[in-house]
file input22.pdb (PDB, C-alpha atoms and all ligand atoms)
ATOM      1  CA  MET A 206       0.000   0.000   0.000
ATOM      2  CA  CYS A 207       1.324   3.463  -0.944
ATOM      3  CA  ILE A 208       1.937   5.454   2.231
ATOM      4  CA  LEU A 209       3.229   8.673   0.710
ATOM      5  CA  LYS A 210       3.110  10.300  -2.723
ATOM      6  CA  VAL A 211       5.359  13.285  -3.379
ATOM      7  CA  PRO A 212       6.165  15.516  -6.368
ATOM      8  CA  ALA A 213       9.656  16.116  -7.786
ATOM      9  CA  PRO A 214       9.650  19.299  -9.909
ATOM     10  CA  ALA A 215      11.979  20.163 -12.785
ATOM     11  CA  LYS A 216      14.300  23.198 -12.667
ATOM     12  CA  LEU A 217      15.416  25.782 -15.177
ATOM     13  CA  ASN A 218      18.707  27.678 -15.139
ATOM     14  CA  LEU A 219      17.837  31.275 -16.025
ATOM     15  CA  PHE A 220      21.541  31.982 -16.557
ATOM     16  CA  LEU A 221      24.578  29.821 -15.968
ATOM     17  CA  HIS A 222      28.066  31.282 -15.700
ATOM     18  CA  LEU A 223      31.128  29.117 -15.160
ATOM     19  CA  THR A 224      33.663  30.842 -12.944
ATOM     20  CA  GLY A 225      36.443  28.240 -12.859
ATOM     21  CA  ARG A 226      37.334  24.569 -12.832
ATOM     22  CA  ARG A 227      38.323  22.744  -9.640
ATOM     23  CA  PRO A 228      41.167  20.204  -9.459
ATOM     24  CA  ASP A 229      38.557  17.385  -9.251
ATOM     25  CA  GLY A 230      37.157  18.475 -12.642
ATOM     26  CA  TYR A 231      33.922  19.979 -11.276
ATOM     27  CA  HIS A 232      33.114  23.560 -12.215
ATOM     28  CA  ASN A 233      32.365  26.489  -9.967
ATOM     29  CA  LEU A 234      29.380  28.369 -11.251
ATOM     30  CA  GLN A 235      26.899  31.137 -10.613
ATOM     31  CA  SER A 236      23.429  30.269 -11.772
ATOM     32  CA  ALA A 237      19.835  31.288 -11.063
ATOM     33  CA  PHE A 238      17.785  28.126 -10.521
ATOM     34  CA  VAL A 239      13.962  28.103 -10.483
ATOM     35  CA  LEU A 240      11.516  25.267  -9.873
ATOM     36  CA  ILE A 241       8.784  24.784 -12.483
ATOM     37  CA  ASN A 242       5.475  22.920 -12.474
ATOM     38  CA  LEU A 243       6.634  19.996 -14.609
ATOM     39  CA  CYS A 244       6.850  17.210 -12.041
ATOM     40  CA  ASP A 245       7.744  13.554 -11.650
ATOM     41  CA  GLU A 246       5.799  11.761  -8.934
ATOM     42  CA  LEU A 247       7.196   9.329  -6.397
ATOM     43  CA  GLU A 248       5.146   6.753  -4.491
ATOM     44  CA  PHE A 249       6.534   5.098  -1.381
ATOM     45  CA  GLU A 250       5.350   1.702  -0.145
ATOM     46  CA  LEU A 251       6.703  -0.120   2.918
ATOM     47  CA  ILE A 252       7.585  -3.757   2.219
ATOM     48  CA  GLU A 253       8.309  -6.845   4.364
ATOM     49  CA  GLU A 254      11.724  -7.503   2.782
ATOM     50  CA  ASP A 255      14.619  -5.558   4.262
ATOM     51  CA  GLU A 256      15.554  -3.911   0.968
ATOM     52  CA  VAL A 257      15.235  -0.880  -1.277
ATOM     53  CA  ARG A 258      13.414  -1.497  -4.558
ATOM     54  CA  VAL A 259      12.878   1.117  -7.246
ATOM     55  CA  GLU A 260      10.580   0.968 -10.273
ATOM     56  CA  ILE A 261      10.631   3.716 -12.864
ATOM     57  CA  VAL A 262       7.534   4.175 -14.981
ATOM     58  CA  ASP A 263       7.798   6.225 -18.167
ATOM     59  CA  GLU A 264       4.761   8.497 -18.045
ATOM     60  CA  ARG A 265       5.886  10.075 -21.313
ATOM     61  CA  ALA A 266       5.537   6.837 -23.256
ATOM     62  CA  GLY A 267       2.206   6.794 -25.097
ATOM     63  CA  GLU A 268      -0.600   4.607 -23.765
ATOM     64  CA  ASN A 269      -0.048   2.190 -26.629
ATOM     65  CA  SER A 270       3.626   1.741 -25.857
ATOM     66  CA  SER A 271       4.353  -1.819 -24.688
ATOM     67  CA  ASN A 272       7.347  -1.058 -22.479
ATOM     68  CA  GLN A 273       6.540   1.689 -20.008
ATOM     69  CA  THR A 274       9.274   0.962 -17.493
ATOM     70  CA  ILE A 275      12.737   2.517 -17.622
ATOM     71  CA  ALA A 276      15.638   0.292 -16.570
ATOM     72  CA  ILE A 277      18.409   2.162 -14.752
ATOM     73  CA  PRO A 278      21.062   0.043 -12.999
ATOM     74  CA  ASN A 279      20.985   0.507  -9.196
ATOM     75  CA  ASP A 280      24.514   1.926  -9.085
ATOM     76  CA  GLN A 281      23.416   4.770 -11.433
ATOM     77  CA  ASN A 282      19.941   5.178  -9.998
ATOM     78  CA  LEU A 283      19.943   8.287  -7.768
ATOM     79  CA  VAL A 284      16.663   7.273  -6.084
ATOM     80  CA  PHE A 285      18.089   3.869  -5.156
ATOM     81  CA  LEU A 286      21.374   5.417  -3.999
ATOM     82  CA  ALA A 287      19.588   8.058  -1.878
ATOM     83  CA  ALA A 288      17.354   5.483  -0.176
ATOM     84  CA  THR A 289      20.328   3.162   0.431
ATOM     85  CA  LYS A 290      22.337   5.998   2.029
ATOM     86  CA  LEU A 291      19.487   6.841   4.398
ATOM     87  CA  LYS A 292      19.084   3.143   5.235
ATOM     88  CA  GLU A 293      22.774   3.003   6.176
ATOM     89  CA  ILE A 294      22.415   6.117   8.347
ATOM     90  CA  ALA A 295      19.388   4.596  10.099
ATOM     91  CA  LYS A 296      21.395   1.431  10.773
ATOM     92  CA  LEU A 297      24.360   3.400  12.151
ATOM     93  CA  ARG A 298      22.048   5.331  14.475
ATOM     94  CA  GLY A 299      20.223   2.177  15.600
ATOM     95  CA  ILE A 300      16.895   3.312  14.130
ATOM     96  CA  GLU A 301      14.681   0.393  13.059
ATOM     97  CA  ILE A 302      13.229   0.892   9.611
ATOM     98  CA  SER A 303      11.253  -1.199   7.144
ATOM     99  CA  GLY A 304      12.154  -1.955   3.535
ATOM    100  CA  VAL A 305      10.732   0.303   0.855
ATOM    101  CA  LEU A 306       9.451   0.116  -2.701
ATOM    102  CA  ILE A 307       9.663   3.427  -4.557
ATOM    103  CA  ARG A 308       7.758   3.949  -7.800
ATOM    104  CA  VAL A 309       8.936   6.890  -9.849
ATOM    105  CA  TYR A 310       6.474   8.160 -12.455
ATOM    106  CA  LYS A 311       8.653  10.067 -14.929
ATOM    107  CA  LYS A 312       7.243  13.075 -16.735
ATOM    108  CA  ILE A 313      10.494  15.069 -16.830
ATOM    109  CA  PRO A 314      12.560  14.023 -19.852
ATOM    110  CA  LEU A 315      15.953  12.444 -19.113
ATOM    111  CA  GLY A 316      19.198  14.186 -20.104
ATOM    112  CA  ALA A 317      17.293  17.384 -20.791
ATOM    113  CA  GLY A 318      18.976  19.879 -18.434
ATOM    114  CA  LEU A 319      15.863  19.959 -16.242
ATOM    115  CA  GLY A 320      17.356  18.186 -13.217
ATOM    116  CA  GLY A 321      14.785  15.373 -13.187
ATOM    117  CA  GLY A 322      17.103  12.708 -11.728
ATOM    118  CA  SER A 323      18.470  15.147  -9.119
ATOM    119  CA  SER A 324      14.947  16.210  -8.161
ATOM    120  CA  ASP A 325      13.785  12.583  -7.798
ATOM    121  CA  CYS A 326      16.810  12.007  -5.559
ATOM    122  CA  ALA A 327      16.066  15.091  -3.421
ATOM    123  CA  SER A 328      12.392  14.136  -3.034
ATOM    124  CA  THR A 329      13.455  10.617  -2.010
ATOM    125  CA  LEU A 330      15.742  12.015   0.699
ATOM    126  CA  MET A 331      13.052  14.372   2.021
ATOM    127  CA  ALA A 332      10.250  11.776   1.904
ATOM    128  CA  LEU A 333      12.214   8.923   3.518
ATOM    129  CA  ASN A 334      13.544  11.249   6.219
ATOM    130  CA  LYS A 335       9.878  11.723   7.115
ATOM    131  CA  ILE A 336       8.657   8.132   6.573
ATOM    132  CA  TRP A 337      11.547   6.551   8.508
ATOM    133  CA  ASP A 338      11.458   9.362  11.109
ATOM    134  CA  LEU A 339      15.212   9.917  10.868
ATOM    135  CA  GLY A 340      15.126  13.532  12.084
ATOM    136  CA  LEU A 341      17.825  14.700   9.657
ATOM    137  CA  SER A 342      18.042  18.479   9.226
ATOM    138  CA  CYS A 343      17.755  20.233   5.878
ATOM    139  CA  GLU A 344      21.540  20.886   5.971
ATOM    140  CA  GLU A 345      22.258  17.196   6.630
ATOM    141  CA  LEU A 346      19.993  16.170   3.753
ATOM    142  CA  MET A 347      21.755  18.695   1.491
ATOM    143  CA  GLN A 348      25.154  17.241   2.405
ATOM    144  CA  ILE A 349      23.973  13.720   1.611
ATOM    145  CA  GLY A 350      22.440  15.065  -1.611
ATOM    146  CA  LEU A 351      25.655  16.817  -2.630
ATOM    147  CA  SER A 352      27.556  13.523  -2.315
ATOM    148  CA  LEU A 353      25.168  12.149  -4.980
ATOM    149  CA  GLY A 354      25.049  15.108  -7.395
ATOM    150  CA  ALA A 355      25.816  18.820  -7.623
ATOM    151  CA  ASP A 356      22.214  19.979  -8.314
ATOM    152  CA  ILE A 357      20.590  18.047  -5.471
ATOM    153  CA  PRO A 358      21.041  20.602  -2.610
ATOM    154  CA  PHE A 359      19.052  23.167  -4.628
ATOM    155  CA  PHE A 360      15.989  20.906  -4.746
ATOM    156  CA  ILE A 361      16.230  20.275  -0.992
ATOM    157  CA  GLY A 362      16.510  24.060  -0.416
ATOM    158  CA  GLY A 363      13.173  24.183  -2.191
ATOM    159  CA  LYS A 364      12.956  27.670  -3.717
ATOM    160  CA  SER A 365      14.468  29.923  -6.384
ATOM    161  CA  ALA A 366      18.113  30.463  -5.574
ATOM    162  CA  LEU A 367      21.351  31.827  -6.798
ATOM    163  CA  VAL A 368      23.500  28.710  -6.792
ATOM    164  CA  GLU A 369      27.271  28.947  -6.354
ATOM    165  CA  GLY A 370      30.240  26.655  -5.711
ATOM    166  CA  ILE A 371      29.515  23.479  -7.666
ATOM    167  CA  GLY A 372      25.911  23.654  -6.448
ATOM    168  CA  GLU A 373      26.265  23.555  -2.668
ATOM    169  CA  ILE A 374      26.047  27.307  -1.939
ATOM    170  CA  LEU A 375      22.458  28.524  -2.098
ATOM    171  CA  LYS A 376      21.566  32.183  -1.762
ATOM    172  CA  PRO A 377      17.986  33.459  -1.749
ATOM    173  CA  PHE A 378      17.038  34.870  -5.149
ATOM    174  CA  ASP A 379      13.488  36.150  -4.818
ATOM    175  CA  LEU A 380      11.776  36.307  -8.167
ATOM    176  CA  ASN A 381       8.293  37.324  -9.245
ATOM    177  CA  PRO A 382       6.172  34.524 -10.755
ATOM    178  CA  LEU A 383       7.449  33.718 -14.251
ATOM    179  CA  ARG A 384       6.061  31.750 -17.196
ATOM    180  CA  PHE A 385       8.055  29.734 -19.660
ATOM    181  CA  VAL A 386       7.570  28.102 -23.023
ATOM    182  CA  LEU A 387       9.605  24.939 -22.620
ATOM    183  CA  ILE A 388      10.813  23.043 -25.660
ATOM    184  CA  ASN A 389      12.094  19.501 -25.528
ATOM    185  CA  PRO A 390      13.840  18.487 -28.754
ATOM    186  CA  GLY A 391      13.323  14.760 -28.162
ATOM    187  CA  PHE A 392      16.997  13.874 -27.668
ATOM    188  CA  SER A 393      19.214  13.962 -24.610
ATOM    189  CA  ILE A 394      22.662  15.503 -24.153
ATOM    190  CA  SER A 395      25.308  14.012 -21.862
ATOM    191  CA  THR A 396      26.175  16.437 -19.031
ATOM    192  CA  PRO A 397      29.795  15.225 -18.626
ATOM    193  CA  GLN A 398      30.308  15.537 -22.395
ATOM    194  CA  VAL A 399      29.276  19.215 -22.267
ATOM    195  CA  PHE A 400      31.275  20.055 -19.126
ATOM    196  CA  THR A 401      34.452  18.441 -20.512
ATOM    197  CA  HIS A 402      34.129  20.054 -23.952
ATOM    198  CA  PRO A 403      37.442  21.657 -25.028
ATOM    199  CA  ASN A 404      35.761  24.866 -26.263
ATOM    200  CA  LEU A 405      34.002  25.688 -23.021
ATOM    201  CA  ASN A 406      34.546  29.205 -21.642
ATOM    202  CA  ARG A 407      35.195  28.410 -18.000
ATOM    203  CA  ASN A 408      36.339  31.738 -16.615
ATOM    204  CA  PHE A 409      33.521  34.218 -16.444
ATOM    205  CA  ARG A 410      34.197  36.866 -13.820
ATOM    206  CA  VAL A 411      32.424  36.279 -10.511
ATOM    207  CA  MET A 412      29.384  38.571 -10.253
ATOM    208  CA  ASP A 413      29.303  40.792  -7.173
ATOM    209  CA  SER A 414      26.164  41.695  -5.239
ATOM    210  CA  ASP A 415      25.434  44.733  -7.468
ATOM    211  CA  ALA A 416      25.582  42.605 -10.601
ATOM    212  CA  LEU A 417      23.357  40.001  -8.960
ATOM    213  CA  GLU A 418      20.768  42.631  -8.045
ATOM    214  CA  LYS A 419      20.814  43.821 -11.676
ATOM    215  CA  ALA A 420      20.333  40.206 -12.776
ATOM    216  CA  ARG A 421      17.337  39.813 -10.471
ATOM    217  CA  ALA A 422      15.741  43.064 -11.691
ATOM    218  CA  GLU A 423      16.172  42.074 -15.361
ATOM    219  CA  ILE A 424      14.731  38.613 -14.803
ATOM    220  CA  ASN A 425      11.762  40.101 -12.926
ATOM    221  CA  ALA A 426      11.182  42.305 -15.988
ATOM    222  CA  GLY A 427      10.937  39.106 -18.055
ATOM    223  CA  LEU A 428      14.365  39.539 -19.695
ATOM    224  CA  PHE A 429      17.169  37.030 -20.038
ATOM    225  CA  TYR A 430      20.223  38.071 -18.048
ATOM    226  CA  GLY A 431      23.808  37.034 -18.903
ATOM    227  CA  SER A 432      24.079  33.694 -20.713
ATOM    228  CA  ASN A 433      24.259  29.971 -20.346
ATOM    229  CA  TYR A 434      27.954  29.232 -20.802
ATOM    230  CA  LEU A 435      27.245  25.600 -21.633
ATOM    231  CA  GLU A 436      25.368  26.528 -24.820
ATOM    232  CA  SER A 437      28.389  26.785 -27.130
ATOM    233  CA  ALA A 438      29.559  23.260 -26.256
ATOM    234  CA  ALA A 439      26.049  21.796 -26.421
ATOM    235  CA  PHE A 440      25.462  23.456 -29.815
ATOM    236  CA  GLU A 441      28.646  21.865 -31.184
ATOM    237  CA  ILE A 442      27.381  18.483 -29.995
ATOM    238  CA  ARG A 443      23.844  19.124 -31.319
ATOM    239  CA  PRO A 444      23.910  21.904 -33.971
ATOM    240  CA  GLU A 445      20.161  21.503 -34.509
ATOM    241  CA  LEU A 446      19.574  23.239 -31.152
ATOM    242  CA  ALA A 447      21.298  26.416 -32.358
ATOM    243  CA  LYS A 448      19.330  26.172 -35.620
ATOM    244  CA  PHE A 449      16.075  25.893 -33.684
ATOM    245  CA  ILE A 450      16.918  28.996 -31.649
ATOM    246  CA  GLU A 451      17.523  30.879 -34.941
ATOM    247  CA  PHE A 452      14.299  29.495 -36.383
ATOM    248  CA  ALA A 453      12.224  30.605 -33.359
ATOM    249  CA  LYS A 454      13.367  34.255 -33.569
ATOM    250  CA  PRO A 455      12.162  36.873 -32.698
ATOM    251  CA  LEU A 456      11.199  34.649 -29.747
ATOM    252  CA  GLN A 457      14.261  34.537 -27.499
ATOM    253  CA  LEU A 458      15.252  31.073 -26.329
ATOM    254  CA  ARG A 459      17.915  29.865 -23.924
ATOM    255  CA  MET A 460      19.163  26.397 -23.006
ATOM    256  CA  SER A 461      18.663  25.037 -19.483
ATOM    257  CA  GLY A 462      21.646  23.390 -17.744
ATOM    258  CA  SER A 463      23.682  21.294 -20.163
ATOM    259  CA  GLY A 464      20.690  20.868 -22.486
ATOM    260  CA  SER A 465      18.832  19.600 -24.355
ATOM    261  CA  SER A 466      15.795  21.655 -23.267
ATOM    262  CA  ILE A 467      15.409  25.263 -24.358
ATOM    263  CA  PHE A 468      12.927  27.832 -23.092
ATOM    264  CA  SER A 469      11.600  31.359 -23.415
ATOM    265  CA  MET A 470      10.733  33.455 -20.376
ATOM    266  CA  HIS A 471       7.687  35.697 -19.833
ATOM    267  CA  LYS A 472       6.259  37.918 -17.131
ATOM    268  CA  SER A 473       2.631  36.984 -17.746
ATOM    269  CA  PHE A 474       0.542  33.961 -18.692
ATOM    270  CA  ASP A 475      -0.893  35.824 -21.707
ATOM    271  CA  ASP A 476       2.577  36.636 -23.077
ATOM    272  CA  ALA A 477       3.628  33.001 -22.685
ATOM    273  CA  GLU A 478       0.430  31.699 -24.320
ATOM    274  CA  THR A 479       0.874  34.057 -27.276
ATOM    275  CA  ALA A 480       4.519  33.024 -27.702
ATOM    276  CA  TYR A 481       3.472  29.370 -27.466
ATOM    277  CA  SER A 482       0.740  29.573 -30.092
ATOM    278  CA  ASP A 483       2.966  31.626 -32.448
ATOM    279  CA  LEU A 484       5.667  28.971 -32.094
ATOM    280  CA  LEU A 485       3.203  26.131 -32.747
ATOM    281  CA  ALA A 486       1.956  27.905 -35.864
ATOM    282  CA  LYS A 487       5.546  28.334 -37.075
ATOM    283  CA  LEU A 488       6.356  24.699 -36.311
ATOM    284  CA  LYS A 489       3.358  23.492 -38.334
ATOM    285  CA  GLU A 490       5.092  24.761 -41.467
ATOM    286  CA  GLN A 491       8.335  22.921 -40.632
ATOM    287  CA  LYS A 492       7.897  19.200 -41.191
ATOM    288  CA  ASP A 493      11.459  18.274 -40.158
ATOM    289  CA  ILE A 494      11.207  19.603 -36.589
ATOM    290  CA  ARG A 495       7.753  18.267 -35.739
ATOM    291  CA  SER A 496       9.082  16.017 -32.980
ATOM    292  CA  TYR A 497       9.953  19.015 -30.782
ATOM    293  CA  GLU A 498       7.545  19.035 -27.840
ATOM    294  CA  CYS A 499       6.460  22.382 -26.347
ATOM    295  CA  GLY A 500       4.428  23.449 -23.358
ATOM    296  CA  VAL A 501       3.786  26.431 -21.088
ATOM    297  CA  TYR A 502       4.960  26.152 -17.471
ATOM    298  CA  LYS A 503       5.199  28.431 -14.469
ATOM    299  CA  SER A 504       7.703  28.948 -11.688
ATOM    300  CA  TYR A 505       6.949  27.641  -8.196
ATOM    301  CA  GLU A 506       7.430  29.950  -5.255
ATOM    302  CA  LYS A 507       8.350  26.952  -3.121
ATOM    303  CA  HIS A 508       8.857  23.223  -3.624
ATOM    304  CA  PRO A 509       5.442  21.509  -3.859
ATOM    305  CA  ILE A 510       6.672  18.696  -1.562
ATOM    306  CA  PHE A 511       6.255  21.120   1.369
ATOM    307  CA  ASP A 512       2.468  20.905   0.896
ATOM    308  CA  VAL A 513       2.702  17.151   1.508
ATOM    309  CA  ILE A 514       5.361  16.485   4.143
TER
HETATM  310  O1  LIG B 601      27.021  16.066  -9.998
HETATM  311  P1  LIG B 601      26.379  15.517 -11.243
HETATM  312  O2  LIG B 601      26.447  14.022 -11.298
HETATM  313  O3  LIG B 601      25.023  16.028 -11.512
HETATM  314  O4  LIG B 601      27.301  16.058 -12.422
HETATM  315  C1  LIG B 601      27.396  15.402 -13.667
HETATM  316  C2  LIG B 601      28.670  15.861 -14.370
HETATM  317  O5  LIG B 601      28.560  17.240 -14.687
HETATM  318  C3  LIG B 601      29.912  15.741 -13.533
HETATM  319  O6  LIG B 601      30.517  14.499 -13.718
HETATM  320  C4  LIG B 601      30.777  16.848 -14.091
HETATM  321  O7  LIG B 601      31.410  16.410 -15.289
HETATM  322  C5  LIG B 601      29.799  17.904 -14.520
HETATM  323  N1  LIG B 601      29.615  19.016 -13.566
HETATM  324  C6  LIG B 601      30.636  19.947 -13.401
HETATM  325  N2  LIG B 601      30.461  20.995 -12.535
HETATM  326  C7  LIG B 601      29.290  21.155 -11.873
HETATM  327  C8  LIG B 601      28.239  20.228 -12.039
HETATM  328  C9  LIG B 601      28.447  19.170 -12.900
HETATM  329  O8  LIG B 601      31.702  19.825 -14.012
HETATM  330  N3  LIG B 601      29.146  22.201 -11.051
END
call {"tool": "encode", "arguments": {"input": "input22.pdb", "output": "structure tokens"}}
result
Amino acid sequence: MCILKVPAPAKLNLFLHLTGRRPDGYHNLQSAFVLINLCDELEFELIEEDEVRVEIVDERAGENSSNQTIAIPNDQNLVFLAATKLKEIAKLRGIEISGVLIRVYKKIPLGAGLGGGSSDCASTLMALNKIWDLGLSCEELMQIGLSLGADIPFFIGGKSALVEGIGEILKPFDLNPLRFVLINPGFSISTPQVFTHPNLNRNFRVMDSDALEKARAEINAGLFYGSNYLESAAFEIRPELAKFIEFAKPLQLRMSGSGSSIFSMHKSFDDAETAYSDLLAKLKEQKDIRSYECGVYKSYEKHPIFDVI
């Protein structure tokens, strides 16, 4: 029996500046992260067996598709790894816990720069902390999350943030509600391949507090600030993304994270709806890019999991 159902929202990077590369290969960055209302859902069920089991259901596969499950090996499955870490912590602290079956219903495309896997991992940590009554603080959960992936602390923080370091430094970045036209090109891009690309500009100057305030004001006015420094590498890997951005003009599009998703940003629902229908009309005339999926989404003020746990 399912005992808890929680959402795991996608994120967008409104800008993403690389400010250096660390000796371990990870990059320091400054990026504005926002949560959007495109969500995976996770169901938790307690089981008799003393184990962690994860099933991933592809909610994007059409109803007629025969194989709706996604197979991810446990050692690469962030939900499995998160649950296993918490199980180990419970054991170390002498807390008795039951086994768990986690069903992940995937709506967020994989390898799309939307943080779906990281968000599933963060929601697993927050939900199991509650279900198993582990009493871990938000900071402790963030530390565990960071050991599994750089974007995970942001999702545990649970609201729009300026993210620094490799992802572990979160600063409040209060934004007005925003709307987005989100475009998924139907292919994924490998994050490590983008971050290790030889042509990446890795040394943008670190923005001070004045520059950050300017960034916030511009974003609140519905304008793109700065750039996504991963775009040039991603566009070399997938030139069709750059072509699509040209094609969509005068609509301004930017890539999220290391791609493949691209989005436009708007201050109001009406502006986003108009941009969306104009884009659909334009796409109708272009047979070769029909497979691009588009939708209108909005930013969340806070993580929707806080309405549940
Ligand atoms: O931490 P995560 O597994 O999400 O990162 C995937 C890859 O992205 C890393 O192996 C690394 O190549 C790159 N990365 C980076 N700097 C960051 C975040 C990710 O170089 N701040």
call {"tool": "closest_residue", "arguments": {"input": "input22.pdb", "among": "A:Asp415, A:Glu253, A:Asp280, A:Glu373", "to": "ligand LIG 601 (chain B)", "atoms": "all atoms listed in the file"}}
result
A:Glu373
call {"tool": "closest_atom_pairs", "arguments": {"input": "input22.pdb", "of": "chain A", "to": "ligand LIG 601 (chain B)", "cutoff": "7 Å", "atoms": "only C-alpha atoms and all ligand atoms", "output": "Markdown table"}}
result
| residue | atom | partner | partner_atom | distance |
| --- | --- | --- | --- | --- |
| A:Gly230 | CA | B:LIG601 | O8 | 5.8 |
| A:Tyr231 | CA | B:LIG601 | O8 | 3.5 |
| A:His232 | CA | B:LIG601 | N2 | 3.7 |
| A:Asn233 | CA | B:LIG601 | N3 | 5.5 |
| A:Leu234 | CA | B:LIG601 | N3 | 6.2 |
| A:Leu353 | CA | B:LIG601 | O1 | 6.6 |
| A:Gly354 | CA | B:LIG601 | O1 | 3.4 |
| A:Ala355 | CA | B:LIG601 | O1 | 3.8 |
| A:Asp356 | CA | B:LIG601 | O3 | 5.8 |
| A:Ile371 | CA | B:LIG601 | N3 | 3.6 |
| A:Gly372 | CA | B:LIG601 | N3 | 5.8 |
| A:Thr396 | CA | B:LIG601 | O5 | 5.0 |
| A:Pro397 | CA | B:LIG601 | O7 | 3.9 |
| A:Phe400 | CA | B:LIG601 | O8 | 5.1 |
| A:Thr401 | CA | B:LIG601 | O7 | 6.4 |
call {"tool": "closest_residue", "arguments": {"input": "input22.pdb", "among": "A:Pro509, A:Gly462, A:Leu456, A:Lys335", "to": "Asp483 (chain A)", "atoms": "only C-alpha atoms"}}
result
A:Leu456
call {"tool": "residues_around", "arguments": {"input": "input22.pdb", "residues": "Asp325 (chain A)", "least_positions_apart": "4", "cutoff": "8 Å", "atoms": "all atoms listed in the file", "output": "PyMOL selection string"}}
result
chain A and resi 213+245+247+283-284+309+321+329
call {"tool": "residues_around", "arguments": {"input": "input22.pdb", "residues": "Gln491 (chain A)", "least_positions_apart": "6", "cutoff": "12 Å", "atoms": "all atoms listed in the file", "output": "list in words"}}
result
Phe449, Phe452, Ala453, Leu484, Leu485 and Tyr497 of chain A
call {"tool": "closest_residue", "arguments": {"input": "input22.pdb", "among": "A:Leu351, A:Met206, A:Leu243, A:Ala438", "to": "Leu306 (chain A)", "atoms": "all atoms listed in the file"}}
result
A:Met206
call {"tool": "closest_residue", "arguments": {"input": "input22.pdb", "among": "A:Gly320, A:Pro228, A:Gly362, A:Pro382", "to": "Glu506 (chain A)", "atoms": "only C-alpha atoms"}}
result
A:Pro382
call {"tool": "resolve_selection", "arguments": {"input": "input22.pdb", "expression": "the PyMOL selection byres (((chain A and resi 498) around 12) and not hetatm)", "output": "tab-separated table (two decimals) with C-alpha atoms, in the coordinates of the input"}}
result
chain	number	residue	atom	x	y	z
A	265	ARG	CA	5.89	10.07	-21.31
A	314	PRO	CA	12.56	14.02	-19.85
A	386	VAL	CA	7.57	28.10	-23.02
A	387	LEU	CA	9.60	24.94	-22.62
A	388	ILE	CA	10.81	23.04	-25.66
A	389	ASN	CA	12.09	19.50	-25.53
A	390	PRO	CA	13.84	18.49	-28.75
A	391	GLY	CA	13.32	14.76	-28.16
A	392	PHE	CA	17.00	13.87	-27.67
A	465	SER	CA	18.83	19.60	-24.36
A	466	SER	CA	15.80	21.66	-23.27
A	467	ILE	CA	15.41	25.26	-24.36
A	468	PHE	CA	12.93	27.83	-23.09
A	481	TYR	CA	3.47	29.37	-27.47
A	484	LEU	CA	5.67	28.97	-32.09
A	485	LEU	CA	3.20	26.13	-32.75
A	488	LEU	CA	6.36	24.70	-36.31
A	494	ILE	CA	11.21	19.60	-36.59
A	495	ARG	CA	7.75	18.27	-35.74
A	496	SER	CA	9.08	16.02	-32.98
A	497	TYR	CA	9.95	19.02	-30.78
A	499	CYS	CA	6.46	22.38	-26.35
A	500	GLY	CA	4.43	23.45	-23.36
A	501	VAL	CA	3.79	26.43	-21.09
call {"tool": "closest_residue", "arguments": {"input": "input22.pdb", "among": "A:Asp413, A:Ile302, A:Tyr502, A:Asn406", "to": "Tyr434 (chain A)", "atoms": "all atoms listed in the file"}}
result
A:Asn406
call {"tool": "closest_residue", "arguments": {"input": "input22.pdb", "among": "A:Ala366, A:Leu458, A:Val411, A:Ile394", "to": "Phe440 (chain A)", "atoms": "all atoms listed in the file"}}
result
A:Ile394
call {"tool": "atom_distance", "arguments": {"input": "input22.pdb", "atom1": "CA of Gly464 (chain A)", "atom2": "CA of Leu346 (chain A)"}}
result
26.7 Å
call {"tool": "resolve_selection", "arguments": {"input": "input22.pdb", "expression": "the PyMOL selection byres (((chain A and resi 347) around 9) and not hetatm)", "output": "ChimeraX atom specification"}}
result
/A:327,342-346,348-352,357-362,373
call {"tool": "residues_around", "arguments": {"input": "input22.pdb", "residues": "Ala439 (chain A)", "least_positions_apart": "6", "cutoff": "9 Å", "atoms": "only C-alpha atoms", "output": "list of chain:residue names"}}
result
A:Ile394, A:Gln398, A:Val399, A:His402, A:Leu446, A:Ala447, A:Met460, A:Ser463, A:Gly464, A:Ser465
call {"tool": "residues_around", "arguments": {"input": "input22.pdb", "residues": "Ile294 (chain A)", "least_positions_apart": "6", "cutoff": "12 Å", "atoms": "only C-alpha atoms", "output": "ChimeraX atom specification"}}
result
/A:287-288,300-302,330,333-334,337-341,345-346,349
